[in-house]
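Beneath this line is the structure, given in structure tokens, with notes to follow.
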Amino acid sequence: MPHTASSARKHGADQMDAQKSQRAKMGRLAEDSEKKVHVKRLKDVEISIPIVYGTISFWLGKKASEYQSHKWTVYVRGATNEDLSVVVKRVVFQLHPSFNNPTRVVESAPFELSESGWGEFEIAITLFFRGDACDKQLDLYHHLKLYPEDESGPQSTKKPVVVESYDEIVFSEPTEVFFARVQNHPAAIVPRLPAGLNLPPAVPIENANEKRRFDSKDHSLSQWFMNFSEADELSKLAAARQQVQAHIVKLRRQLSLMDGQPQQSKLTSVSGQ
């Protein structure tokens with residue numbers, strides 16, 4: 001199972017908390033799946049998908065009900081607001097048992113849900129991916145925060161409490177089909193492939209024409225989304241790392257071709273004696 005380890009970063013003036021964590025690494029498809037369908041994989045290649053998940057909560061004011069004091073939204077989005085449906089098929093949010101139907105399934109972007117209440121609790125978030133990406137799920141956890149850290153000051157109905165976490169989902173040794181489909185998508189960080197490698201034609205995601213395309217850039221809450229200053233740097237580092245890996249693969253191939261040469265030279269030297 002993939003896992004993450006995170007560290008908190010606080011913005012006192014803005015009443016925002018952010019968490020930056022290590023990349024969640026997705027393994028290869030299960031062996032049973034590979035036995036059923038022959039798939040071609042790209043060795044020593046990784047596809048990275050930067051994501052942000054979190055909550056935004058608004059205080060509803062003094063006239064609000066005691067048990068409906070806040071309205072909040074929990075979500076998973078692209079790190080710079082790209083549409084994640086190119087990779088994510090559905091997201092399941094597990095709320096507190098006190099809510100009606102606490103297991104909420106969101107089948108299309110935007111991957112979010114809104115509710116109202118008065119208490120803070122941990123929300124389990126499960127991501128399910130497109131069939132050509134991975135058949136494993138990714139489990140995330142986020143603590144809903146309704147009240148600002150500096151509780152000495154008055155709450156505001158205009159300024160929400162925002163808590164977000166940054167992560168990078170890494171698909172190792174992706175299939176050629178998956179790579180071809182996402183290589184030009186802004187949500188994905190992909191390496192350069194060796195020259196001469198022919199990928200299959202890109203296949204559109206299933207049911208793509210049945211649902212209106214969601215543009216997360218126009219999200220109603222986008223003004224409150226945190227701008228992760230490190231996200232661009234992390235993306236650049238990931239791209240550089242992938243280029244290094246591609247260069248290593250190239251050198252390995254060259255070395256494998258040269259394996260026989262030293263032996264031939266040695267044999268020639270011996271025979272010359």
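FYI, nothing fancy with the structure tokens labels: chains A, B, ... in order, residues from 1 per chain, ligands from 1 as they appear.
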Against range 113-119 of chain A, which residues of range 134-162 of chain A fall within 10 Å? For each one I want the closest pair of atoms and the distance in Å (one decimal), counting only C-alpha atoms, rows by chain and increasing residue number, as CSV.
residue,atom,partner,partner_atom,distance
A:Leu144,CA,A:Gly119,CA,8.5
A:Lys145,CA,A:Gly119,CA,8.5
A:Leu146,CA,A:Gly119,CA,7.5
A:Tyr147,CA,A:Gly119,CA,9.6
Do you know which residues are at most 8 Å from Tyr75 in chain A counting only C-alpha atoms, after dropping those on the same chain fewer than 5 positions away, and could you put them as a compact mmCIF listing (two decimals) with C-alpha atoms, in the first residue's frame?
# COMPACT_ATOMS: atom_id res chain seq x y z
CA TYR A 53 -6.13 17.74 -0.80
CA GLY A 54 -7.72 19.66 2.03
CA THR A 55 -10.67 21.59 3.41
CA PRO A 110 -14.54 18.27 -9.20
CA PHE A 111 -13.65 15.61 -6.62
CA GLU A 112 -15.18 17.31 -3.62
CA LEU A 113 -18.18 17.50 -1.34
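Of the residues under consideration (A:Leu199, A:Leu255, A:Val163, A:Val105), A:Leu199 shows the shortest atom-to-atom contact distance to Arg181 in chain A when counting only C-alpha atoms.
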* To do: Pick out the residues sitting within 10 Å of Phe179 in chain A, and hand them over as a list in words; count only C-alpha atoms, and ignore anything fewer than 3 positions along from it in its own chain.
  => Arg41, Leu42, Val45, Glu46, Ile47, Asp132, Ala133, Phe171, Glu173, Pro174, Thr175, Glu176, Val182, Gln183, Asn184, Ala188, Val190, Pro191, Leu199, Pro200 and Ala202 of chain A
* Skip Gly78 in chain A itself and residues of its chain fewer than 4 positions away, then list as a PyMOL selection string all residues within 10 Å of it, counting only C-alpha atoms. => chain A and resi 49-53+82-85+166-168+186-188+216-217
* Asked: Could you write out, as a PyMOL selection string, all the residues of range 85-198 of chain A that DSSP marks as strand (DSSP E or B)?
  -> chain A and resi 88-94+103-106+111-117+122-129+138-143+161-172+175+189
Let's have the selection written as a PDB file, in the first residue's frame, with C-alpha atoms.
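out_9.pdb, written as the output of this step:
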ATOM      1  CA  VAL A  88      -8.509   9.644 -11.065  1.00  0.00           C
ATOM      2  CA  LYS A  89     -11.698   7.702 -11.765  1.00  0.00           C
ATOM      3  CA  ARG A  90     -13.489   8.267  -8.467  1.00  0.00           C
ATOM      4  CA  VAL A  91     -12.886   9.532  -4.931  1.00  0.00           C
ATOM      5  CA  VAL A  92     -14.546   8.210  -1.777  1.00  0.00           C
ATOM      6  CA  PHE A  93     -14.816  10.494   1.257  1.00  0.00           C
ATOM      7  CA  GLN A  94     -15.481   8.819   4.607  1.00  0.00           C
ATOM      8  CA  THR A 103     -19.532   7.253   2.840  1.00  0.00           C
ATOM      9  CA  ARG A 104     -19.705   9.667  -0.076  1.00  0.00           C
ATOM     10  CA  VAL A 105     -18.632   8.626  -3.583  1.00  0.00           C
ATOM     11  CA  VAL A 106     -17.721  11.286  -6.164  1.00  0.00           C
ATOM     12  CA  PHE A 111     -13.650  15.605  -6.620  1.00  0.00           C
ATOM     13  CA  GLU A 112     -15.175  17.312  -3.623  1.00  0.00           C
ATOM     14  CA  LEU A 113     -18.179  17.499  -1.338  1.00  0.00           C
ATOM     15  CA  SER A 114     -19.683  20.194   0.865  1.00  0.00           C
ATOM     16  CA  GLU A 115     -21.397  19.807   4.221  1.00  0.00           C
ATOM     17  CA  SER A 116     -22.258  21.803   7.317  1.00  0.00           C
ATOM     18  CA  GLY A 117     -21.769  21.069  11.002  1.00  0.00           C
ATOM     19  CA  GLU A 122     -10.602  13.152  10.474  1.00  0.00           C
ATOM     20  CA  ILE A 123     -11.779  12.502   6.920  1.00  0.00           C
ATOM     21  CA  ALA A 124     -10.544   9.422   5.079  1.00  0.00           C
ATOM     22  CA  ILE A 125     -10.052  10.058   1.357  1.00  0.00           C
ATOM     23  CA  THR A 126      -9.632   7.145  -1.052  1.00  0.00           C
ATOM     24  CA  LEU A 127      -8.557   7.660  -4.660  1.00  0.00           C
ATOM     25  CA  PHE A 128      -9.376   5.098  -7.354  1.00  0.00           C
ATOM     26  CA  PHE A 129      -7.511   5.361 -10.655  1.00  0.00           C
ATOM     27  CA  LEU A 138      -4.553   5.337  -2.537  1.00  0.00           C
ATOM     28  CA  ASP A 139      -5.694   6.169   1.002  1.00  0.00           C
ATOM     29  CA  LEU A 140      -5.222   9.692   2.370  1.00  0.00           C
ATOM     30  CA  TYR A 141      -6.312  11.250   5.659  1.00  0.00           C
ATOM     31  CA  HIS A 142      -7.169  14.850   6.398  1.00  0.00           C
ATOM     32  CA  HIS A 143      -8.282  16.567   9.604  1.00  0.00           C
ATOM     33  CA  VAL A 161     -10.013  28.516   7.524  1.00  0.00           C
ATOM     34  CA  VAL A 162      -7.978  26.682   4.874  1.00  0.00           C
ATOM     35  CA  VAL A 163      -5.919  23.538   5.476  1.00  0.00           C
ATOM     36  CA  GLU A 164      -4.254  21.859   2.507  1.00  0.00           C
ATOM     37  CA  SER A 165      -1.645  19.144   1.928  1.00  0.00           C
ATOM     38  CA  TYR A 166       0.619  18.698  -1.082  1.00  0.00           C
ATOM     39  CA  ASP A 167       1.547  15.268  -2.394  1.00  0.00           C
ATOM     40  CA  GLU A 168       2.970  13.689  -5.489  1.00  0.00           C
ATOM     41  CA  ILE A 169       1.546  10.408  -6.783  1.00  0.00           C
ATOM     42  CA  VAL A 170       4.178   8.426  -8.670  1.00  0.00           C
ATOM     43  CA  PHE A 171       3.301   5.660 -11.126  1.00  0.00           C
ATOM     44  CA  SER A 172       6.349   3.434 -11.624  1.00  0.00           C
ATOM     45  CA  THR A 175       2.060   0.996 -19.403  1.00  0.00           C
ATOM     46  CA  ILE A 189       4.996  15.205 -15.135  1.00  0.00           C
TER      47      ILE A 189
END
* Asked: Where does DSSP see helix (DSSP H, G or I) in range 116-198 of chain A, if you list the residues as a list of chain:residue names?
  ->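 Answer for range 116-198 of chain A, restricted to helix (DSSP H, G or I): A:Glu176, A:Val177, A:Phe178, A:Phe179, A:Ala180, A:Arg181, A:Val182.
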